[in-house]
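> This one is entry_3.cif, mmCIF, C-alpha atoms.
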```cif
data_work
#
loop_
_atom_site.label_atom_id
_atom_site.label_comp_id
_atom_site.auth_asym_id
_atom_site.auth_seq_id
_atom_site.Cartn_x
_atom_site.Cartn_y
_atom_site.Cartn_z
CA MET A 235 0.63 29.98 -0.84
CA ASN A 236 -0.74 30.78 2.63
CA VAL A 237 1.83 32.72 4.61
CA VAL A 238 1.29 32.68 8.36
CA SER A 239 2.70 35.10 10.96
CA ASP A 240 6.23 33.82 10.57
CA PRO A 241 7.23 34.91 7.06
CA THR A 242 9.47 31.84 6.63
CA THR A 243 6.66 29.40 7.32
CA VAL A 244 3.97 28.29 4.90
CA VAL A 245 0.91 26.18 5.58
CA GLY A 246 -0.26 23.70 3.02
CA ALA A 247 -0.16 20.21 1.58
CA ILE A 248 3.31 18.70 1.22
CA ALA A 249 3.32 15.93 -1.36
CA PHE A 250 5.85 13.43 -2.59
CA SER A 251 5.60 11.33 -5.72
CA ASP A 252 8.13 8.51 -6.16
CA ILE A 253 8.79 5.96 -8.87
CA VAL A 254 8.29 2.46 -7.45
CA GLY A 255 11.32 0.16 -7.72
CA PHE A 256 13.47 2.81 -9.33
CA THR A 257 16.72 1.39 -7.97
CA GLU A 258 15.90 -2.09 -9.25
CA LEU A 259 14.68 -0.79 -12.60
CA THR A 260 17.86 1.19 -13.08
CA ALA A 261 20.03 -1.79 -12.18
CA ASP A 262 18.13 -4.12 -14.51
CA HIS A 263 17.43 -1.84 -17.47
CA GLY A 264 20.13 0.82 -17.41
CA ASP A 265 20.56 4.52 -16.97
CA ASP A 266 18.83 5.53 -20.20
CA VAL A 267 15.60 3.91 -19.04
CA ALA A 268 16.05 5.56 -15.65
CA VAL A 269 16.33 9.00 -17.25
CA SER A 270 13.28 8.32 -19.42
CA LEU A 271 11.22 7.30 -16.39
CA VAL A 272 12.22 10.43 -14.46
CA ASP A 273 11.48 12.66 -17.45
CA ARG A 274 8.06 11.09 -18.00
CA HIS A 275 7.22 11.33 -14.31
CA GLU A 276 8.01 15.03 -14.24
CA ALA A 277 6.16 15.64 -17.49
CA ILE A 278 2.97 14.03 -16.20
CA VAL A 279 3.07 15.95 -12.93
CA SER A 280 3.80 19.23 -14.69
CA GLU A 281 0.92 18.68 -17.08
CA LEU A 282 -1.58 18.02 -14.29
CA LEU A 283 -0.42 20.72 -11.89
CA GLY A 284 -2.72 23.70 -11.73
CA SER A 285 -1.92 27.14 -10.42
CA ASN A 286 -2.54 25.93 -6.87
CA GLY A 287 0.50 23.66 -6.76
CA ARG A 288 4.17 23.72 -7.65
CA ILE A 289 7.10 21.36 -7.94
CA VAL A 290 9.44 22.34 -5.14
CA LYS A 291 12.31 20.17 -6.30
CA GLN A 292 13.34 16.88 -7.85
CA LEU A 293 14.93 14.28 -5.60
CA GLY A 294 16.39 11.51 -7.72
CA ASP A 295 13.33 9.52 -8.79
CA GLY A 296 10.95 11.59 -6.69
CA LEU A 297 9.27 14.95 -6.72
CA LEU A 298 8.48 17.20 -3.78
CA LEU A 299 5.39 19.29 -4.39
CA PHE A 300 3.47 21.89 -2.45
CA PHE A 301 -0.18 22.87 -2.66
CA SER A 302 -2.08 25.49 -0.72
CA ASP A 303 -5.30 23.45 -1.01
CA ALA A 304 -5.51 19.95 0.47
CA ARG A 305 -8.28 18.70 -1.78
CA ILE A 306 -6.52 19.87 -4.92
CA ALA A 307 -3.35 18.15 -3.70
CA VAL A 308 -5.16 14.83 -3.36
CA ASP A 309 -6.96 15.18 -6.67
CA THR A 310 -3.73 16.05 -8.47
CA MET A 311 -1.75 13.18 -6.98
CA LEU A 312 -4.48 10.66 -7.77
CA ALA A 313 -4.77 11.94 -11.31
CA THR A 314 -0.99 11.70 -11.68
CA GLN A 315 -1.01 8.10 -10.55
CA HIS A 316 -3.89 7.23 -12.82
CA ARG A 317 -2.10 8.75 -15.80
CA ALA A 318 1.18 7.03 -14.96
CA ASP A 319 -0.54 3.71 -14.40
CA ILE A 320 -1.58 3.48 -18.04
CA ASP A 321 1.79 4.67 -19.30
CA LEU A 322 4.78 2.69 -20.50
CA VAL A 323 8.26 4.16 -20.81
CA ASP A 324 10.46 2.08 -23.11
CA GLU A 325 8.14 -0.86 -22.32
CA ILE A 326 8.69 -0.33 -18.59
CA PRO A 327 5.63 0.49 -16.46
CA LEU A 328 5.73 3.78 -14.64
CA TRP A 329 4.34 2.97 -11.19
CA LEU A 330 4.14 5.77 -8.68
CA ARG A 331 3.56 5.89 -4.98
CA SER A 332 2.54 9.10 -3.27
CA GLY A 333 2.07 10.67 0.13
CA VAL A 334 0.51 13.94 1.23
CA HIS A 335 0.71 15.61 4.64
CA TRP A 336 -0.83 18.88 5.78
CA GLY A 337 1.72 20.92 7.68
CA ALA A 338 3.72 24.08 8.13
CA PRO A 339 7.22 23.73 6.71
CA ARG A 340 9.84 26.45 6.67
CA THR A 341 10.91 27.98 3.41
CA ARG A 342 14.48 28.38 2.26
CA GLY A 343 14.38 30.19 -1.00
CA SER A 344 12.01 28.09 -3.08
CA ASP A 345 12.79 24.98 -1.02
CA LEU A 346 10.77 23.56 1.87
CA ILE A 347 12.39 22.20 5.00
CA GLY A 348 11.26 20.74 8.30
CA HIS A 349 9.62 17.92 10.17
CA ASP A 350 6.47 18.04 8.08
CA VAL A 351 8.50 17.58 4.89
CA ASN A 352 10.31 14.62 6.43
CA LEU A 353 7.02 13.10 7.53
CA ALA A 354 5.50 13.41 4.07
CA SER A 355 8.56 11.68 2.65
CA ARG A 356 8.39 8.86 5.19
CA ILE A 357 4.76 8.03 4.59
CA THR A 358 5.31 8.01 0.85
CA SER A 359 7.81 5.19 1.23
CA LEU A 360 5.05 3.07 2.80
CA ALA A 361 2.68 3.36 -0.14
CA SER A 362 2.14 0.51 -2.57
CA PRO A 363 2.35 1.00 -6.33
CA GLY A 364 -0.46 3.29 -7.39
CA GLU A 365 -1.35 4.16 -3.83
CA LEU A 366 -1.71 7.56 -2.21
CA LEU A 367 -1.31 7.67 1.56
CA VAL A 368 -2.23 10.75 3.56
CA THR A 369 -1.89 11.77 7.18
CA GLU A 370 -4.72 12.44 9.58
CA ALA A 371 -3.82 16.14 9.47
CA LEU A 372 -4.55 16.16 5.73
CA VAL A 373 -7.82 14.31 6.18
CA GLN A 374 -8.88 16.73 8.91
CA GLU A 375 -8.06 19.66 6.67
CA ILE A 376 -10.34 18.28 3.98
CA GLY A 377 -12.89 17.42 6.62
CA ASP A 378 -14.63 14.50 4.99
CA ARG A 379 -13.34 11.02 5.68
CA GLY A 380 -16.17 8.71 4.83
CA ASP A 381 -16.18 8.28 1.09
CA GLN A 382 -12.81 9.73 0.14
CA PHE A 383 -10.40 7.94 2.46
CA ALA A 384 -10.01 4.49 3.97
CA ARG A 385 -8.34 4.08 7.33
CA VAL A 386 -4.93 2.41 7.13
CA GLY A 387 -4.17 2.69 10.82
CA PRO A 388 -1.14 3.64 12.85
CA VAL A 389 2.38 3.29 11.49
CA PHE A 390 5.81 3.88 12.91
CA VAL A 391 8.14 5.83 10.67
CA LYS A 392 11.83 6.46 11.04
CA GLY A 393 12.70 9.57 13.00
CA VAL A 394 9.23 10.10 14.44
CA THR A 395 8.60 8.95 18.02
CA ASP A 396 4.84 8.65 18.00
CA PRO A 397 2.87 6.48 15.59
CA VAL A 398 1.40 8.29 12.61
CA ARG A 399 -2.20 7.64 11.66
CA LEU A 400 -2.55 7.08 7.95
CA TRP A 401 -5.40 6.99 5.48
CA ARG A 402 -5.51 5.78 1.91
CA ALA A 403 -7.07 8.08 -0.67
CA LEU A 404 -9.70 6.18 -2.60
CA PRO A 405 -9.37 6.14 -6.37
CA ALA A 406 -12.96 7.31 -6.76
CA LEU A 407 -11.47 10.77 -6.58
CA GLN A 408 -9.68 10.20 -9.86
CA THR A 409 -10.54 12.76 -12.45
CA MET B 18 -15.60 -2.57 27.66
CA THR B 19 -17.73 -2.91 24.55
CA THR B 20 -16.13 -1.85 21.30
CA GLN B 21 -15.95 -3.13 17.77
CA ARG B 22 -12.78 -1.30 16.73
CA VAL B 23 -9.40 -1.78 18.39
CA THR B 24 -6.22 0.15 17.55
CA VAL B 25 -2.87 -1.21 18.77
CA THR B 26 0.48 0.57 18.64
CA SER B 27 3.75 -1.02 19.67
CA ARG B 28 7.41 -0.44 18.92
CA SER B 29 8.68 -3.97 19.35
CA ALA B 30 6.26 -6.11 21.31
CA ARG B 31 4.78 -9.36 20.19
CA VAL B 32 1.09 -8.69 19.55
CA SER B 33 -1.37 -11.57 19.87
CA VAL B 34 -5.03 -11.09 19.06
CA ARG B 35 -7.52 -13.85 19.69
CA VAL B 36 -11.24 -14.13 19.19
CA GLY B 37 -12.99 -15.39 22.27
CA PRO B 38 -16.52 -15.88 23.60
CA VAL B 39 -16.56 -12.43 25.15
CA ASP B 40 -18.78 -9.37 24.86
CA GLY B 41 -16.00 -6.85 25.28
CA VAL B 42 -12.25 -6.59 24.80
CA SER B 43 -9.71 -8.01 27.21
CA VAL B 44 -6.13 -6.71 27.20
CA VAL B 45 -3.25 -8.35 29.07
CA GLY B 46 0.15 -6.68 29.04
CA ALA B 47 -0.75 -3.13 28.05
CA SER B 48 -2.92 -0.18 28.92
CA ALA B 49 -6.09 0.54 26.97
CA ARG B 50 -8.42 3.49 26.74
CA GLU B 51 -11.65 4.34 24.98
CA VAL B 52 -11.16 6.96 22.26
CA ASP B 53 -13.78 8.18 19.84
CA GLY B 54 -15.90 5.05 20.13
CA GLY B 55 -12.98 2.64 19.78
CA LEU B 56 -10.36 1.15 22.05
CA GLU B 57 -6.72 2.22 21.82
CA VAL B 58 -4.02 -0.09 23.16
CA ASP B 59 -0.55 1.38 23.69
CA VAL B 60 1.94 -1.43 24.26
CA GLN B 61 5.08 -0.63 26.24
CA SER B 62 5.81 -4.19 27.35
CA ARG B 63 7.39 -7.03 25.40
CA ALA B 64 4.13 -8.79 24.66
CA VAL B 65 0.42 -8.11 24.67
CA GLU B 66 -2.52 -10.49 24.40
CA ILE B 67 -5.84 -9.09 23.30
CA THR B 68 -9.07 -11.06 23.28
CA VAL B 69 -11.91 -9.62 21.22
CA PRO B 70 -15.41 -10.63 20.14
CA ILE B 71 -15.93 -12.19 16.74
CA ASP B 72 -15.87 -9.76 13.76
CA THR B 73 -14.01 -7.03 15.66
CA ASP B 74 -12.14 -4.54 13.47
CA ILE B 75 -8.51 -4.11 14.46
CA ALA B 76 -5.67 -1.84 13.30
CA ILE B 77 -2.15 -2.63 14.43
CA GLY B 78 0.94 -0.51 13.97
CA VAL B 79 4.28 -2.00 15.00
CA SER B 80 7.82 -1.08 14.22
CA SER B 81 9.03 -4.62 14.56
CA GLY B 82 7.78 -7.71 16.31
CA ARG B 83 5.52 -10.57 15.48
CA VAL B 84 1.77 -10.09 15.03
CA ASP B 85 -0.58 -13.05 15.39
CA CYS B 86 -4.31 -12.74 14.78
CA GLU B 87 -6.33 -15.87 15.46
CA GLY B 88 -10.04 -16.38 14.97
CA GLN B 89 -12.60 -14.67 12.79
CA LEU B 90 -11.96 -10.94 12.82
CA GLY B 91 -13.57 -8.05 10.95
CA ALA B 92 -11.39 -5.58 9.04
CA VAL B 93 -7.75 -6.11 9.97
CA SER B 94 -4.96 -3.72 9.11
CA VAL B 95 -1.35 -4.24 10.11
CA ASN B 96 1.56 -1.94 9.35
CA SER B 97 5.05 -3.04 10.26
CA ARG B 98 8.61 -2.45 9.19
CA SER B 99 9.76 -5.99 9.91
CA GLY B 100 8.54 -9.12 11.61
CA ARG B 101 6.05 -11.82 10.76
CA VAL B 102 2.37 -10.99 10.43
CA VAL B 103 -0.19 -13.79 10.58
CA VAL B 104 -3.93 -13.23 10.11
CA ALA B 105 -5.85 -16.47 10.34
CA GLU B 106 -9.28 -15.27 9.20
CA ALA B 107 -10.83 -11.89 8.59
CA ARG B 108 -13.54 -10.13 6.64
CA GLU B 109 -11.01 -7.72 5.11
CA VAL B 110 -7.23 -7.50 5.36
CA ASP B 111 -4.78 -4.68 4.67
CA VAL B 112 -1.18 -5.52 5.59
CA ARG B 113 1.93 -3.65 4.60
CA THR B 114 5.45 -4.43 5.74
CA THR B 115 8.88 -3.47 4.54
CA SER B 116 10.88 -6.62 5.05
CA GLY B 117 8.62 -8.89 7.04
CA SER B 118 6.50 -11.81 5.97
CA VAL B 119 2.73 -11.87 5.70
CA VAL B 120 0.52 -14.92 6.05
CA VAL B 121 -3.25 -14.63 5.57
CA GLY B 122 -5.18 -17.83 6.05
CA ARG B 123 -8.61 -16.81 4.89
CA CYS B 124 -10.04 -13.47 3.88
CA HIS B 125 -13.69 -13.32 2.94
CA GLY B 126 -13.47 -10.02 1.06
CA MET B 127 -10.65 -7.73 -0.03
CA CYS B 128 -7.15 -8.78 0.96
CA ARG B 129 -4.51 -6.12 0.37
CA ALA B 130 -0.90 -6.96 1.08
CA SER B 131 2.28 -5.14 0.27
CA VAL B 132 5.89 -6.04 1.00
CA LYS B 133 9.09 -4.56 -0.32
CA SER B 134 11.34 -7.54 0.07
CA GLY B 135 9.51 -10.05 2.21
CA THR B 136 6.97 -12.72 1.40
CA ILE B 137 3.19 -12.77 1.12
CA HIS B 138 1.17 -15.95 1.36
CA VAL B 139 -2.62 -15.87 1.08
CA GLY B 140 -4.47 -19.13 1.52
CA ASP B 141 -7.98 -18.27 0.43
CA ALA B 142 -9.53 -14.91 -0.39
CA GLY B 143 -12.28 -13.19 -2.30
CA THR B 144 -10.10 -10.54 -3.90
CA VAL B 145 -6.35 -10.19 -3.53
CA GLU B 146 -4.42 -7.03 -4.33
CA ALA B 147 -0.74 -7.62 -3.66
CA SER B 148 2.47 -5.86 -4.54
CA THR B 149 6.18 -6.27 -4.00
CA ILE B 150 9.44 -4.77 -5.13
CA SER B 151 11.56 -7.89 -4.91
CA GLY B 152 9.73 -10.30 -2.67
CA ARG B 153 7.61 -13.39 -3.13
CA ILE B 154 3.82 -13.50 -3.52
CA GLU B 155 1.82 -16.73 -3.26
CA VAL B 156 -1.96 -17.02 -3.44
CA ASP B 157 -3.43 -20.51 -3.12
CA ALA B 158 -6.96 -19.64 -4.21
CA ALA B 159 -8.91 -16.45 -4.82
CA ASP B 160 -11.75 -15.24 -7.01
CA VAL B 161 -9.97 -12.08 -8.18
CA ILE B 162 -6.22 -11.45 -8.11
CA ARG B 163 -4.30 -8.29 -8.96
CA VAL B 164 -0.53 -8.28 -8.54
CA ASN B 165 2.11 -5.65 -9.25
CA ALA B 166 5.76 -6.65 -8.84
CA VAL B 167 8.98 -5.07 -9.96
CA SER B 168 10.78 -8.37 -9.64
CA GLY B 169 10.37 -11.39 -7.46
CA THR B 170 8.47 -14.65 -7.62
CA ILE B 171 4.72 -14.84 -8.12
CA LYS B 172 2.70 -18.06 -7.67
CA LEU B 173 -1.07 -17.76 -8.01
CA GLY B 174 -3.99 -20.15 -7.99
CA SER B 175 -7.60 -19.52 -8.92
CA ARG B 176 -10.53 -21.20 -7.22
CA GLY B 177 -12.82 -21.37 -10.24
CA TYR B 178 -12.70 -19.42 -13.46
CA PRO B 179 -9.73 -17.10 -13.05
CA ASP B 180 -9.88 -13.32 -12.93
CA ILE B 181 -6.19 -12.53 -12.72
CA VAL B 182 -4.11 -9.52 -13.72
CA VAL B 183 -0.37 -9.56 -13.09
CA ARG B 184 2.10 -6.87 -14.06
CA THR B 185 5.80 -7.40 -13.48
CA VAL B 186 9.02 -6.02 -14.82
CA SER B 187 11.12 -9.11 -14.23
CA GLY B 188 10.97 -12.27 -12.19
CA SER B 189 8.79 -15.32 -12.63
CA VAL B 190 5.03 -15.74 -12.68
CA ARG B 191 3.29 -19.09 -12.33
CA ILE B 192 -0.50 -19.35 -12.44
CA THR B 193 -2.43 -22.52 -11.80
CA VAL B 194 -6.07 -22.85 -12.83
CA PRO B 195 -8.50 -25.73 -12.27
CA SER B 196 -8.16 -28.62 -14.66
CA GLY B 197 -10.05 -28.16 -17.92
CA THR B 198 -10.25 -24.39 -17.63
CA ALA B 199 -9.93 -22.50 -20.91
CA PRO B 200 -9.50 -18.82 -19.97
CA ALA B 201 -9.27 -15.79 -22.23
CA SER B 202 -5.59 -14.97 -21.98
CA ARG B 203 -3.55 -11.86 -22.69
CA ILE B 204 0.01 -12.80 -21.90
CA SER B 205 2.98 -10.77 -23.01
CA ALA B 206 6.70 -10.76 -22.35
CA LEU B 207 8.95 -8.33 -24.15
CA VAL B 208 11.91 -10.54 -23.36
CA GLY B 209 11.39 -13.78 -21.54
CA SER B 210 9.61 -17.07 -21.79
CA ILE B 211 5.90 -17.82 -21.98
CA ARG B 212 4.39 -21.25 -21.57
CA SER B 213 0.70 -22.04 -21.16
CA ASP B 214 -1.10 -25.38 -20.89
CA CYS B 215 -4.51 -23.79 -21.38
CA VAL B 216 -6.41 -23.57 -24.61
CA ALA B 217 -8.11 -20.27 -25.39
CA GLY B 218 -11.69 -19.87 -24.27
CA ASN B 219 -14.00 -17.79 -22.16
CA ASP B 220 -13.58 -19.46 -18.79
CA GLY B 221 -12.53 -16.30 -16.99
CA SER B 222 -9.53 -14.22 -17.91
CA ILE B 223 -5.80 -14.09 -17.29
CA ALA B 224 -3.73 -11.04 -18.17
CA VAL B 225 -0.02 -11.12 -17.47
CA SER B 226 2.54 -8.66 -18.73
CA THR B 227 6.22 -8.66 -18.01
CA THR B 228 9.16 -6.90 -19.49
CA SER B 229 11.78 -9.58 -19.02
CA GLY B 230 10.35 -12.27 -16.79
CA SER B 231 9.04 -15.77 -17.31
CA ILE B 232 5.36 -16.67 -17.36
CA ARG B 233 3.87 -20.13 -16.88
CA VAL B 234 0.14 -20.94 -16.85
CA ALA B 235 -0.65 -24.49 -15.80
CA GLN B 236 -3.71 -26.57 -15.10
CA ARG B 237 -4.12 -28.15 -11.69
CA ARG B 238 -3.75 -31.92 -11.85
#
```
Turn the structure described in the file into structure tokens.

Amino acid sequence: MNVVSDPTTVVGAIAFSDIVGFTELTADHGDDVAVSLVDRHEAIVSELLGSNGRIVKQLGDGLLLFFSDARIAVDTMLATQHRADIDLVDEIPLWLRSGVHWGAPRTRGSDLIGHDVNLASRITSLASPGELLVTEALVQEIGDRGDQFARVGPVFVKGVTDPVRLWRALPALQT
Amino acid sequence: MTTQRVTVTSRSARVSVRVGPVDGVSVVGASAREVDGGLEVDVQSRAVEITVPIDTDIAIGVSSGRVDCEGQLGAVSVNSRSGRVVVAEAREVDVRTTSGSVVVGRCHGMCRASVKSGTIHVGDAGTVEASTISGRIEVDAADVIRVNAVSGTIKLGSRGYPDIVVRTVSGSVRITVPSGTAPASRISALVGSIRSDCVAGNDGSIAVSTTSGSIRVAQRR
């Protein structure tokens, strides 16, 4: 984790991974299926996480993660989606949507808090099943747009005044 | 101004884009500035009309408000939370909206569309990739179709031999193929009904899986 001058601030890639349609799936198929989906989601992420990243916390059907390396964050999230995409949990597909933003959140114990965390969460909600959306800050941190990301364009997200420029990570990065 | 990429941001304005016999871009109802080789249009008014040359790439971000794109555009992307998005013709399309509706008349290449609870209608496209949580997806004709839906209603048509993959959890799926087509089919429903008018063959492929929905494959009469 890269600690900057303020000891309560860290700089890195803030990632969210959510189960698509979790509310509907729970309503239609019951709580046992919901628990199985959440367990499988966490198991896949845990298996693919290297030493560079960590699960910050679980938020219902979603996971908040933090990586100190932007490229590793993207690779890990794409690999997670790829793994989930071929998985079935109790005959229910496990579709994930993900978002990654490069920023400087505050720490509170092991938790992360701040505008950059909120922004990462907001962009994740815009992703389609199996899609990883990233902010321009993340793309700039990696420094190579051409063959790794496709421009999505500007979006307005709740709680943020200015439009956010988004990119879609291309699945060619899948490992 | 001469540019082949236009970016438009607007909170709630109606955005109209038209292709005209012009060399550059004309903007009425908003300010525009050249940025990094493209044109950025920031709309503060209630409506903006933008006229662009044929094949211009355009990216539009709106919170709400109707978006109309007329004429033959290049790569079009629209992101909105609500409102109706219409793209008459484009080389590529990427539209995502939370609760709005999406209408794409003709897309020569890849047409991506995603809604959470709204509707998607694609008239004619090369490849369609569409997804919804609980909305409605309709494709009249496309060469390749990929659909993911948690629930909702899916109606798809193939132009020639189908290349269709649909994955749903619940809801209904109806696929129509040209008369006499005998596709290779992999259709499965854990709980639900399956009905197909097609005999097995090698005229393209149809793969549909659902957990508890209904699947119908019919031939066009």
> What is the distance, in Å and to one decimal place, between CA of Asn219 in chain B and CA of Gly174 in chain B?
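These two atoms are separated by 17.5 Å.
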> At what distance in Å, to one decimal, does CA of Val391 in chain A lie from CA of Ile306 in chain A?
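It comes out at 25.6 Å.
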> Which of these residues is nearest to chain A, using all atoms listed in the file: B:Ala64, B:Ala107, B:Val145, B:Leu207?
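Smallest separation from chain A among the options: B:Leu207.
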> Which residues come within 9 Å of range 311-322 of chain A, counting all atoms listed in the file, excluding same-chain residues fewer than 3 positions away, as an MDAnalysis selection string?
chainID A and resid 249:251 271 274:275 278:279 282 306:308 325:334 363:366 403:405 407:409
> Would you tabulate, counting all atoms listed in the file, all residues of range 354-399 of chain A that have an atom at most 10 Å from an atom of range 119-140 of chain B, showing the closest pair of atoms and their distance in Å to one decimal, sorted by chain then ascending number, as JSON lines?

```
{"residue": "A:Ser359", "atom": "CA", "partner": "B:Lys133", "partner_atom": "CA", "distance": 10.0}
{"residue": "A:Leu360", "atom": "CA", "partner": "B:Ser131", "partner_atom": "CA", "distance": 9.0}
{"residue": "A:Ala361", "atom": "CA", "partner": "B:Ser131", "partner_atom": "CA", "distance": 8.5}
{"residue": "A:Ser362", "atom": "CA", "partner": "B:Ser131", "partner_atom": "CA", "distance": 6.3}
{"residue": "A:Pro363", "atom": "CA", "partner": "B:Ser131", "partner_atom": "CA", "distance": 9.0}
```
> Got a sec to resolve the PyMOL selection byres ((chain B) within 9 of (chain A)) on this structure and send the residues as a count of residues only?
41
> Distance CA of Thr73 in chain B-CA of Arg22 in chain B, one decimal place?
6.0 Å
> Apply the PyMOL selection byres ((chain B and resi 179) around 8) to the file shown and report the selected residues as a short mmCIF file (atom, residue, chain, number, x, y, z; two decimals) with C-alpha atoms, keeping the file's coordinate frame.

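Below is the file that was written, selection_4.cif:
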```
data_model
loop_
_atom_site.label_atom_id
_atom_site.label_comp_id
_atom_site.auth_asym_id
_atom_site.auth_seq_id
_atom_site.Cartn_x
_atom_site.Cartn_y
_atom_site.Cartn_z
CA ASP B 160 -11.75 -15.24 -7.01
CA VAL B 161 -9.97 -12.08 -8.18
CA SER B 175 -7.60 -19.52 -8.92
CA ARG B 176 -10.53 -21.20 -7.22
CA GLY B 177 -12.82 -21.37 -10.24
CA TYR B 178 -12.70 -19.42 -13.46
CA ASP B 180 -9.88 -13.32 -12.93
CA ILE B 181 -6.19 -12.53 -12.72
CA VAL B 194 -6.07 -22.85 -12.83
CA PRO B 200 -9.50 -18.82 -19.97
CA ASP B 220 -13.58 -19.46 -18.79
CA GLY B 221 -12.53 -16.30 -16.99
CA SER B 222 -9.53 -14.22 -17.91
CA ILE B 223 -5.80 -14.09 -17.29
#
```
> Looking at B:Ala158, B:Val84, B:Val234, B:Val34, which one is nearest to Ile67 in chain B, with distances taken over only C-alpha atoms?
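Closest residue, counting only C-alpha atoms: B:Val34.
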> Using only C-alpha atoms, which of the listed residues (B:Gly197, B:Gly230, B:Gly88, B:Gly41) sits closest to Arg108 in chain B?
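Checking each of B:Gly197, B:Gly230, B:Gly88, B:Gly41 against Arg108 in chain B, counting only C-alpha atoms, the winner is B:Gly88.
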> Which one is closest to Arg31 in chain B: B:Gln61, B:Ser43, B:Ser48, B:Ser210? Count all atoms listed in the file.
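For Arg31 in chain B, the nearest of the given residues is B:Gln61.
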> Pull out every residue that the PyMOL selection byres ((chain A and resi 295) around 6) matches in the shown coordinates and put them as a list in words.
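Output of the PyMOL selection byres ((chain A and resi 295) around 6): Asp252, Ile253, Val272, Leu293, Gly294 and Gly296 of chain A.
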> Can you tell me, as a count of residues only, what residues are no more than 9 Å from Gln21 in chain B when counting all atoms listed in the file, ignoring any on the same chain fewer than 3 positions away?
12
> List every protein, DNA or RNA residue that has an atom no more than 6 Å from (-4.2, -9.1, -14.0) in the file's coordinate frame, counting only C-alpha atoms, and report them as a PDB file with C-alpha atoms, keeping the file's coordinate frame.

```pdb
ATOM      1  CA  ARG B 163      -4.300  -8.290  -8.960  1.00  0.00           C
ATOM      2  CA  ILE B 181      -6.190 -12.530 -12.720  1.00  0.00           C
ATOM      3  CA  VAL B 182      -4.110  -9.520 -13.720  1.00  0.00           C
ATOM      4  CA  VAL B 183      -0.370  -9.560 -13.090  1.00  0.00           C
ATOM      5  CA  ALA B 224      -3.730 -11.040 -18.170  1.00  0.00           C
ATOM      6  CA  VAL B 225      -0.020 -11.120 -17.470  1.00  0.00           C
TER       7      VAL B 225
END
```
> So which residues touch Gly169 in chain B within 7 Å, counting all atoms listed in the file, skipping near sequence neighbours fewer than 4 positions away, as a list of chain:residue names?
B:Ser151, B:Gly152, B:Arg153, B:Gly188, B:Ser189
> When you count all atoms listed in the file, which of these residues is closest to Thr369 in chain A: A:Ala277, A:His335, A:Val245, A:Ile347?
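For Thr369 in chain A, the nearest of the given residues is A:His335.
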> Find, counting all atoms listed in the file, the residue in A:Ser344, A:Ser285, A:Thr260, A:Asn352 that gets nearest to Ile248 in chain A.
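Closest candidate: A:Asn352.
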